[in-house]
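Q: Structure in C-alpha cells, see below.
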Amino acid sequence: MKIKIGSLPLKTDMARIDAVLRLLPAGSHLAVDAMNAFGPERASKTAAALAPLGLMWFEDICDPLDLDAHAGIAAGYAPPIAAGEALFSAAEARLLFRHGGLRPDRDILLFDPAHCYGLPGYLEIIDAAEARGWPRRAFWPHGGHLFSLHVAQALGLGGSEINPSSFPPFGGLADDAVVTNGRAAPPDAPGIGFETKSELMDLFRNLMNG
C-alpha cells in the first residue's frame, strides 16, 4: 500500500501513517509518496521521523532535478528510497544514478514506461541502470495502468504500481483479476489485455461507432 504525504504538517502525516500501519501485518507493507513536495530542510526532518518505521519506500522526496538535496537525504536515510517517476529519458536517468545518491542494493526506480518515450526509451533506462550495477528487481513501473503490469512481467522487474480507482479507463487490472497477498497475474489475452477491461472496450466501441 502507498499513501501521499507532504501536504499536511509532519505531526499529522505521522499520525496518518501510524493509523495505516496499525491495519497492516508486520513488515514493510507501506510506502509513502511526498510528490516532490519537500525542500532539503523539510525532507531531512521527515526522513528522520520516518526512518524507524521500516517503510517499504519513501518516494519522490524533493524536486526531481535537485540531485544535491536527493543525495543528502540518501546519505542519512538508510531505508529504501524510490525515485524516477518525474524523469523521462535515459539521459535524466544517468544523472540520477550518478548524482542522486541512490543505492542499487535497496532503492526503487519508478520510471513510467508510458512517459519515457514508450518501451524503447524505458529499455534504454534499464540498460543504463544495469550498466551501473542496478538489478532489474529495483524497477517498479509507475502509472497504475495495465501496460505497466505487462512490462514488469515481461522484463522480470520487481513489481508494478496498481491504482484501482485512478487513471480510468486504463488503470487497475483486468475485470476478472484476482489479487492475492499483493500479487496479480497479467490477463491471458492478446496484446496488453485491453480486451479484459469492459469499461475500456466500451469506450473503444463508442469511438469506433461515433
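Identifiers in this document derive from the order of the C-alpha cells: chains are assigned A, B, ..., residues are numbered from 1 separately in each chain, and ligands are numbered from 1 in order of occurrence.
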Hey, what does DSSP flag as strand (DSSP E) within stretch 41-208 of chain A? Can you give it to me as an MDAnalysis selection string?
A: chainID A and resid 57:59 81:83 108:109
Q: Could you find all residues in stretch 1-203 of chain A that DSSP calls helix (DSSP H, G or I) from the backbone, and write them as a PDB file with N, CA and C atoms, in the first residue's frame?
A:
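Saved the output as selection_5.pdb:
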ATOM      1  N   LEU A  10       3.999  17.655   9.493  1.00  0.00           N
ATOM      2  CA  LEU A  10       4.628  16.360   9.733  1.00  0.00           C
ATOM      3  C   LEU A  10       3.909  15.583  10.829  1.00  0.00           C
ATOM      4  N   LYS A  11       3.511  16.260  11.907  1.00  0.00           N
ATOM      5  CA  LYS A  11       2.825  15.576  13.008  1.00  0.00           C
ATOM      6  C   LYS A  11       1.555  14.887  12.519  1.00  0.00           C
ATOM      7  N   THR A  12       0.819  15.562  11.642  1.00  0.00           N
ATOM      8  CA  THR A  12      -0.419  14.981  11.111  1.00  0.00           C
ATOM      9  C   THR A  12      -0.109  13.808  10.195  1.00  0.00           C
ATOM     10  N   ASP A  13       0.905  13.965   9.338  1.00  0.00           N
ATOM     11  CA  ASP A  13       1.283  12.852   8.461  1.00  0.00           C
ATOM     12  C   ASP A  13       1.724  11.638   9.262  1.00  0.00           C
ATOM     13  N   MET A  14       2.458  11.855  10.331  1.00  0.00           N
ATOM     14  CA  MET A  14       2.912  10.724  11.140  1.00  0.00           C
ATOM     15  C   MET A  14       1.728  10.000  11.783  1.00  0.00           C
ATOM     16  N   ALA A  15       0.714  10.749  12.191  1.00  0.00           N
ATOM     17  CA  ALA A  15      -0.486  10.129  12.757  1.00  0.00           C
ATOM     18  C   ALA A  15      -1.222   9.315  11.696  1.00  0.00           C
ATOM     19  N   ARG A  16      -1.284   9.840  10.466  1.00  0.00           N
ATOM     20  CA  ARG A  16      -1.923   9.107   9.368  1.00  0.00           C
ATOM     21  C   ARG A  16      -1.165   7.823   9.072  1.00  0.00           C
ATOM     22  N   ILE A  17       0.166   7.912   9.030  1.00  0.00           N
ATOM     23  CA  ILE A  17       0.984   6.728   8.757  1.00  0.00           C
ATOM     24  C   ILE A  17       0.788   5.685   9.857  1.00  0.00           C
ATOM     25  N   ASP A  18       0.788   6.132  11.103  1.00  0.00           N
ATOM     26  CA  ASP A  18       0.604   5.206  12.217  1.00  0.00           C
ATOM     27  C   ASP A  18      -0.747   4.504  12.127  1.00  0.00           C
ATOM     28  N   ALA A  19      -1.778   5.236  11.732  1.00  0.00           N
ATOM     29  CA  ALA A  19      -3.112   4.641  11.619  1.00  0.00           C
ATOM     30  C   ALA A  19      -3.128   3.545  10.549  1.00  0.00           C
ATOM     31  N   VAL A  20      -2.433   3.763   9.440  1.00  0.00           N
ATOM     32  CA  VAL A  20      -2.392   2.745   8.393  1.00  0.00           C
ATOM     33  C   VAL A  20      -1.558   1.548   8.832  1.00  0.00           C
ATOM     34  N   LEU A  21      -0.415   1.806   9.451  1.00  0.00           N
ATOM     35  CA  LEU A  21       0.439   0.701   9.886  1.00  0.00           C
ATOM     36  C   LEU A  21      -0.279  -0.221  10.860  1.00  0.00           C
ATOM     37  N   PRO A  40      15.091  20.769   0.999  1.00  0.00           N
ATOM     38  CA  PRO A  40      16.068  19.977   1.756  1.00  0.00           C
ATOM     39  C   PRO A  40      15.794  19.910   3.256  1.00  0.00           C
ATOM     40  N   GLU A  41      15.440  21.033   3.876  1.00  0.00           N
ATOM     41  CA  GLU A  41      15.263  21.032   5.330  1.00  0.00           C
ATOM     42  C   GLU A  41      14.063  20.195   5.744  1.00  0.00           C
ATOM     43  N   ARG A  42      12.935  20.403   5.089  1.00  0.00           N
ATOM     44  CA  ARG A  42      11.742  19.638   5.448  1.00  0.00           C
ATOM     45  C   ARG A  42      11.926  18.162   5.113  1.00  0.00           C
ATOM     46  N   ALA A  43      12.621  17.883   4.020  1.00  0.00           N
ATOM     47  CA  ALA A  43      12.883  16.486   3.658  1.00  0.00           C
ATOM     48  C   ALA A  43      13.707  15.797   4.730  1.00  0.00           C
ATOM     49  N   SER A  44      14.711  16.484   5.265  1.00  0.00           N
ATOM     50  CA  SER A  44      15.562  15.894   6.302  1.00  0.00           C
ATOM     51  C   SER A  44      14.770  15.595   7.562  1.00  0.00           C
ATOM     52  N   LYS A  45      13.907  16.518   7.983  1.00  0.00           N
ATOM     53  CA  LYS A  45      13.108  16.299   9.183  1.00  0.00           C
ATOM     54  C   LYS A  45      12.138  15.134   8.984  1.00  0.00           C
ATOM     55  N   THR A  46      11.544  15.068   7.801  1.00  0.00           N
ATOM     56  CA  THR A  46      10.603  13.980   7.533  1.00  0.00           C
ATOM     57  C   THR A  46      11.330  12.647   7.483  1.00  0.00           C
ATOM     58  N   ALA A  47      12.479  12.617   6.819  1.00  0.00           N
ATOM     59  CA  ALA A  47      13.248  11.370   6.731  1.00  0.00           C
ATOM     60  C   ALA A  47      13.642  10.872   8.112  1.00  0.00           C
ATOM     61  N   ALA A  48      14.046  11.774   8.987  1.00  0.00           N
ATOM     62  CA  ALA A  48      14.424  11.375  10.344  1.00  0.00           C
ATOM     63  C   ALA A  48      13.240  10.768  11.092  1.00  0.00           C
ATOM     64  N   ALA A  49      12.043  11.320  10.882  1.00  0.00           N
ATOM     65  CA  ALA A  49      10.855  10.795  11.553  1.00  0.00           C
ATOM     66  C   ALA A  49      10.441   9.439  10.976  1.00  0.00           C
ATOM     67  N   LEU A  50      10.637   9.252   9.674  1.00  0.00           N
ATOM     68  CA  LEU A  50      10.203   8.016   9.031  1.00  0.00           C
ATOM     69  C   LEU A  50      11.179   6.864   9.220  1.00  0.00           C
ATOM     70  N   ALA A  51      12.433   7.171   9.428  1.00  0.00           N
ATOM     71  CA  ALA A  51      13.480   6.141   9.410  1.00  0.00           C
ATOM     72  C   ALA A  51      13.188   4.939  10.312  1.00  0.00           C
ATOM     73  N   PRO A  52      12.659   5.128  11.533  1.00  0.00           N
ATOM     74  CA  PRO A  52      12.453   3.955  12.401  1.00  0.00           C
ATOM     75  C   PRO A  52      11.259   3.083  12.017  1.00  0.00           C
ATOM     76  N   LEU A  53      10.450   3.493  11.037  1.00  0.00           N
ATOM     77  CA  LEU A  53       9.177   2.821  10.785  1.00  0.00           C
ATOM     78  C   LEU A  53       9.297   1.587   9.902  1.00  0.00           C
ATOM     79  N   LEU A  67      19.410  17.172  -7.401  1.00  0.00           N
ATOM     80  CA  LEU A  67      20.145  15.948  -7.104  1.00  0.00           C
ATOM     81  C   LEU A  67      21.012  16.088  -5.856  1.00  0.00           C
ATOM     82  N   ASP A  68      21.477  17.297  -5.571  1.00  0.00           N
ATOM     83  CA  ASP A  68      22.244  17.503  -4.342  1.00  0.00           C
ATOM     84  C   ASP A  68      21.380  17.222  -3.111  1.00  0.00           C
ATOM     85  N   ALA A  69      20.144  17.755  -3.111  1.00  0.00           N
ATOM     86  CA  ALA A  69      19.243  17.502  -1.987  1.00  0.00           C
ATOM     87  C   ALA A  69      18.920  16.014  -1.884  1.00  0.00           C
ATOM     88  N   HIS A  70      18.708  15.397  -3.016  1.00  0.00           N
ATOM     89  CA  HIS A  70      18.381  13.977  -3.037  1.00  0.00           C
ATOM     90  C   HIS A  70      19.525  13.152  -2.458  1.00  0.00           C
ATOM     91  N   ALA A  71      20.750  13.471  -2.875  1.00  0.00           N
ATOM     92  CA  ALA A  71      21.907  12.736  -2.374  1.00  0.00           C
ATOM     93  C   ALA A  71      22.087  12.942  -0.880  1.00  0.00           C
ATOM     94  N   GLY A  72      21.794  14.159  -0.404  1.00  0.00           N
ATOM     95  CA  GLY A  72      21.918  14.435   1.021  1.00  0.00           C
ATOM     96  C   GLY A  72      20.956  13.601   1.842  1.00  0.00           C
ATOM     97  N   ILE A  73      19.721  13.466   1.381  1.00  0.00           N
ATOM     98  CA  ILE A  73      18.744  12.646   2.092  1.00  0.00           C
ATOM     99  C   ILE A  73      19.174  11.187   2.069  1.00  0.00           C
ATOM    100  N   ALA A  74      19.604  10.703   0.913  1.00  0.00           N
ATOM    101  CA  ALA A  74      20.004   9.305   0.796  1.00  0.00           C
ATOM    102  C   ALA A  74      21.173   8.978   1.719  1.00  0.00           C
ATOM    103  N   ALA A  75      22.057   9.956   1.930  1.00  0.00           N
ATOM    104  CA  ALA A  75      23.219   9.722   2.789  1.00  0.00           C
ATOM    105  C   ALA A  75      22.828   9.506   4.247  1.00  0.00           C
ATOM    106  N   GLY A  76      21.687  10.067   4.650  1.00  0.00           N
ATOM    107  CA  GLY A  76      21.299   9.969   6.053  1.00  0.00           C
ATOM    108  C   GLY A  76      20.076   9.128   6.323  1.00  0.00           C
ATOM    109  N   ALA A  90      16.665   8.465 -20.768  1.00  0.00           N
ATOM    110  CA  ALA A  90      17.869   7.791 -20.299  1.00  0.00           C
ATOM    111  C   ALA A  90      18.911   8.798 -19.825  1.00  0.00           C
ATOM    112  N   ALA A  91      18.983   9.963 -20.462  1.00  0.00           N
ATOM    113  CA  ALA A  91      19.949  10.986 -20.048  1.00  0.00           C
ATOM    114  C   ALA A  91      19.647  11.465 -18.629  1.00  0.00           C
ATOM    115  N   GLU A  92      18.371  11.714 -18.332  1.00  0.00           N
ATOM    116  CA  GLU A  92      17.992  12.118 -16.976  1.00  0.00           C
ATOM    117  C   GLU A  92      18.256  10.993 -15.984  1.00  0.00           C
ATOM    118  N   ALA A  93      17.978   9.762 -16.397  1.00  0.00           N
ATOM    119  CA  ALA A  93      18.220   8.628 -15.513  1.00  0.00           C
ATOM    120  C   ALA A  93      19.697   8.520 -15.163  1.00  0.00           C
ATOM    121  N   ARG A  94      20.560   8.719 -16.126  1.00  0.00           N
ATOM    122  CA  ARG A  94      22.001   8.635 -15.855  1.00  0.00           C
ATOM    123  C   ARG A  94      22.431   9.702 -14.847  1.00  0.00           C
ATOM    124  N   LEU A  95      21.851  10.892 -14.952  1.00  0.00           N
ATOM    125  CA  LEU A  95      22.169  11.938 -13.962  1.00  0.00           C
ATOM    126  C   LEU A  95      21.723  11.516 -12.567  1.00  0.00           C
ATOM    127  N   LEU A  96      20.540  10.931 -12.475  1.00  0.00           N
ATOM    128  CA  LEU A  96      20.056  10.457 -11.181  1.00  0.00           C
ATOM    129  C   LEU A  96      20.978   9.386 -10.616  1.00  0.00           C
ATOM    130  N   PHE A  97      21.372   8.426 -11.451  1.00  0.00           N
ATOM    131  CA  PHE A  97      22.246   7.359 -10.977  1.00  0.00           C
ATOM    132  C   PHE A  97      23.604   7.905 -10.537  1.00  0.00           C
ATOM    133  N   ARG A  98      24.082   8.915 -11.254  1.00  0.00           N
ATOM    134  CA  ARG A  98      25.428   9.434 -10.991  1.00  0.00           C
ATOM    135  C   ARG A  98      25.463  10.366  -9.794  1.00  0.00           C
ATOM    136  N   HIS A  99      24.402  11.185  -9.609  1.00  0.00           N
ATOM    137  CA  HIS A  99      24.480  12.277  -8.635  1.00  0.00           C
ATOM    138  C   HIS A  99      23.389  12.251  -7.558  1.00  0.00           C
ATOM    139  N   GLY A 118       7.925   5.652 -24.525  1.00  0.00           N
ATOM    140  CA  GLY A 118       7.490   4.301 -24.812  1.00  0.00           C
ATOM    141  C   GLY A 118       8.478   3.249 -24.342  1.00  0.00           C
ATOM    142  N   LEU A 119       8.188   2.021 -24.717  1.00  0.00           N
ATOM    143  CA  LEU A 119       9.011   0.906 -24.267  1.00  0.00           C
ATOM    144  C   LEU A 119      10.466   1.016 -24.732  1.00  0.00           C
ATOM    145  N   PRO A 120      10.766   1.468 -25.968  1.00  0.00           N
ATOM    146  CA  PRO A 120      12.179   1.603 -26.348  1.00  0.00           C
ATOM    147  C   PRO A 120      12.964   2.532 -25.417  1.00  0.00           C
ATOM    148  N   GLY A 121      12.364   3.668 -25.031  1.00  0.00           N
ATOM    149  CA  GLY A 121      13.021   4.575 -24.099  1.00  0.00           C
ATOM    150  C   GLY A 121      13.178   3.961 -22.729  1.00  0.00           C
ATOM    151  N   TYR A 122      12.174   3.198 -22.303  1.00  0.00           N
ATOM    152  CA  TYR A 122      12.244   2.533 -20.995  1.00  0.00           C
ATOM    153  C   TYR A 122      13.367   1.496 -20.983  1.00  0.00           C
ATOM    154  N   LEU A 123      13.526   0.772 -22.074  1.00  0.00           N
ATOM    155  CA  LEU A 123      14.608  -0.216 -22.161  1.00  0.00           C
ATOM    156  C   LEU A 123      15.973   0.461 -22.116  1.00  0.00           C
ATOM    157  N   GLU A 124      16.082   1.657 -22.687  1.00  0.00           N
ATOM    158  CA  GLU A 124      17.341   2.402 -22.590  1.00  0.00           C
ATOM    159  C   GLU A 124      17.667   2.729 -21.137  1.00  0.00           C
ATOM    160  N   ILE A 125      16.646   3.090 -20.357  1.00  0.00           N
ATOM    161  CA  ILE A 125      16.866   3.394 -18.940  1.00  0.00           C
ATOM    162  C   ILE A 125      17.296   2.144 -18.190  1.00  0.00           C
ATOM    163  N   ILE A 126      16.665   1.016 -18.480  1.00  0.00           N
ATOM    164  CA  ILE A 126      17.065  -0.234 -17.838  1.00  0.00           C
ATOM    165  C   ILE A 126      18.518  -0.561 -18.175  1.00  0.00           C
ATOM    166  N   ASP A 127      18.906  -0.395 -19.448  1.00  0.00           N
ATOM    167  CA  ASP A 127      20.292  -0.653 -19.850  1.00  0.00           C
ATOM    168  C   ASP A 127      21.256   0.256 -19.084  1.00  0.00           C
ATOM    169  N   ALA A 128      20.888   1.549 -18.955  1.00  0.00           N
ATOM    170  CA  ALA A 128      21.744   2.500 -18.243  1.00  0.00           C
ATOM    171  C   ALA A 128      21.882   2.114 -16.776  1.00  0.00           C
ATOM    172  N   ALA A 129      20.797   1.640 -16.181  1.00  0.00           N
ATOM    173  CA  ALA A 129      20.837   1.233 -14.770  1.00  0.00           C
ATOM    174  C   ALA A 129      21.684  -0.024 -14.583  1.00  0.00           C
ATOM    175  N   GLU A 130      21.473  -1.008 -15.433  1.00  0.00           N
ATOM    176  CA  GLU A 130      22.224  -2.259 -15.302  1.00  0.00           C
ATOM    177  C   GLU A 130      23.721  -2.026 -15.487  1.00  0.00           C
ATOM    178  N   ALA A 131      24.080  -1.057 -16.343  1.00  0.00           N
ATOM    179  CA  ALA A 131      25.495  -0.743 -16.539  1.00  0.00           C
ATOM    180  C   ALA A 131      26.136  -0.185 -15.276  1.00  0.00           C
ATOM    181  N   ARG A 136      17.341  -5.672 -12.005  1.00  0.00           N
ATOM    182  CA  ARG A 136      16.011  -5.389 -12.572  1.00  0.00           C
ATOM    183  C   ARG A 136      14.918  -5.380 -11.506  1.00  0.00           C
ATOM    184  N   ARG A 137      15.133  -6.091 -10.410  1.00  0.00           N
ATOM    185  CA  ARG A 137      14.101  -6.100  -9.361  1.00  0.00           C
ATOM    186  C   ARG A 137      13.909  -4.719  -8.732  1.00  0.00           C
ATOM    187  N   ALA A 138      14.855  -3.785  -8.972  1.00  0.00           N
ATOM    188  CA  ALA A 138      14.715  -2.426  -8.439  1.00  0.00           C
ATOM    189  C   ALA A 138      13.662  -1.624  -9.192  1.00  0.00           C
ATOM    190  N   LEU A 146      -2.567  -1.032 -16.940  1.00  0.00           N
ATOM    191  CA  LEU A 146      -2.341  -2.431 -17.262  1.00  0.00           C
ATOM    192  C   LEU A 146      -1.030  -2.637 -18.016  1.00  0.00           C
ATOM    193  N   PHE A 147      -0.638  -1.657 -18.819  1.00  0.00           N
ATOM    194  CA  PHE A 147       0.606  -1.753 -19.576  1.00  0.00           C
ATOM    195  C   PHE A 147       1.797  -1.990 -18.656  1.00  0.00           C
ATOM    196  N   SER A 148       1.847  -1.282 -17.530  1.00  0.00           N
ATOM    197  CA  SER A 148       2.977  -1.416 -16.614  1.00  0.00           C
ATOM    198  C   SER A 148       3.071  -2.822 -16.034  1.00  0.00           C
ATOM    199  N   LEU A 149       1.935  -3.448 -15.755  1.00  0.00           N
ATOM    200  CA  LEU A 149       1.948  -4.806 -15.235  1.00  0.00           C
ATOM    201  C   LEU A 149       2.566  -5.762 -16.246  1.00  0.00           C
ATOM    202  N   HIS A 150       2.204  -5.598 -17.511  1.00  0.00           N
ATOM    203  CA  HIS A 150       2.757  -6.459 -18.554  1.00  0.00           C
ATOM    204  C   HIS A 150       4.250  -6.212 -18.732  1.00  0.00           C
ATOM    205  N   VAL A 151       4.678  -4.955 -18.648  1.00  0.00           N
ATOM    206  CA  VAL A 151       6.103  -4.639 -18.767  1.00  0.00           C
ATOM    207  C   VAL A 151       6.885  -5.302 -17.625  1.00  0.00           C
ATOM    208  N   ALA A 152       6.356  -5.203 -16.410  1.00  0.00           N
ATOM    209  CA  ALA A 152       7.037  -5.801 -15.266  1.00  0.00           C
ATOM    210  C   ALA A 152       7.165  -7.311 -15.421  1.00  0.00           C
ATOM    211  N   GLN A 153       6.103  -7.942 -15.903  1.00  0.00           N
ATOM    212  CA  GLN A 153       6.123  -9.389 -16.091  1.00  0.00           C
ATOM    213  C   GLN A 153       7.104  -9.780 -17.198  1.00  0.00           C
ATOM    214  N   ALA A 154       7.054  -9.083 -18.316  1.00  0.00           N
ATOM    215  CA  ALA A 154       7.875  -9.451 -19.473  1.00  0.00           C
ATOM    216  C   ALA A 154       9.360  -9.246 -19.222  1.00  0.00           C
ATOM    217  N   LEU A 155       9.714  -8.201 -18.471  1.00  0.00           N
ATOM    218  CA  LEU A 155      11.117  -7.847 -18.284  1.00  0.00           C
ATOM    219  C   LEU A 155      11.694  -8.352 -16.963  1.00  0.00           C
ATOM    220  N   PHE A 194      -6.237  -5.161 -23.123  1.00  0.00           N
ATOM    221  CA  PHE A 194      -7.328  -4.194 -23.143  1.00  0.00           C
ATOM    222  C   PHE A 194      -8.690  -4.890 -23.243  1.00  0.00           C
ATOM    223  N   GLU A 195      -8.703  -6.043 -23.929  1.00  0.00           N
ATOM    224  CA  GLU A 195      -9.967  -6.747 -24.112  1.00  0.00           C
ATOM    225  C   GLU A 195     -10.552  -7.235 -22.795  1.00  0.00           C
ATOM    226  N   THR A 196      -9.758  -7.269 -21.760  1.00  0.00           N
ATOM    227  CA  THR A 196     -10.222  -7.783 -20.458  1.00  0.00           C
ATOM    228  C   THR A 196     -10.814  -6.691 -19.580  1.00  0.00           C
ATOM    229  N   SER A 198     -13.858  -4.209 -19.526  1.00  0.00           N
ATOM    230  CA  SER A 198     -15.104  -3.918 -20.239  1.00  0.00           C
ATOM    231  C   SER A 198     -15.333  -2.423 -20.403  1.00  0.00           C
ATOM    232  N   GLU A 199     -14.996  -1.621 -19.387  1.00  0.00           N
ATOM    233  CA  GLU A 199     -15.194  -0.176 -19.489  1.00  0.00           C
ATOM    234  C   GLU A 199     -14.368   0.404 -20.624  1.00  0.00           C
ATOM    235  N   LEU A 200     -13.136  -0.057 -20.754  1.00  0.00           N
ATOM    236  CA  LEU A 200     -12.259   0.433 -21.810  1.00  0.00           C
ATOM    237  C   LEU A 200     -12.752  -0.020 -23.179  1.00  0.00           C
ATOM    238  N   MET A 201     -13.170  -1.276 -23.288  1.00  0.00           N
ATOM    239  CA  MET A 201     -13.662  -1.764 -24.570  1.00  0.00           C
ATOM    240  C   MET A 201     -14.940  -1.046 -24.987  1.00  0.00           C
ATOM    241  N   ASP A 202     -15.789  -0.711 -24.030  1.00  0.00           N
ATOM    242  CA  ASP A 202     -16.995   0.068 -24.361  1.00  0.00           C
ATOM    243  C   ASP A 202     -16.610   1.426 -24.937  1.00  0.00           C
ATOM    244  N   LEU A 203     -15.577   2.050 -24.354  1.00  0.00           N
ATOM    245  CA  LEU A 203     -15.114   3.333 -24.865  1.00  0.00           C
ATOM    246  C   LEU A 203     -14.584   3.189 -26.285  1.00  0.00           C
TER     247      LEU A 203
END
Q: Using only C-alpha atoms, which residues sit within 6 Å of A:Phe170 once same-chain residues fewer than 2 positions away are excluded, as a count of residues only?
A: 3
Q: Set the distance at 8 Å and use only C-alpha atoms: which residues neighbour A:Asp60 once local chain neighbours fewer than 5 positions away are removed? I'd like the list as a PyMOL selection string.
A: chain A and resi 33-37+82-85
Q: Residues at most 7 Å from A:Leu55, counting only C-alpha atoms, excluding those fewer than 3 positions away in the same chain, as a list of chain:residue names?
A: A:Ser28, A:His29, A:Leu30, A:Ala31
Q: Which value, in Å to one decimal, gives the distance between atom CA of A:Asp66 and atom CA of A:Leu102?
A: 13.2 Å
Q: With only C-alpha atoms as the counted atoms, please give the residues lying no more than 12 Å from A:Arg183, apart from itself and same-chain residues fewer than 5 positions off, as a ChimeraX atom specification.
A: /A:149,153,158-162,173,177-178
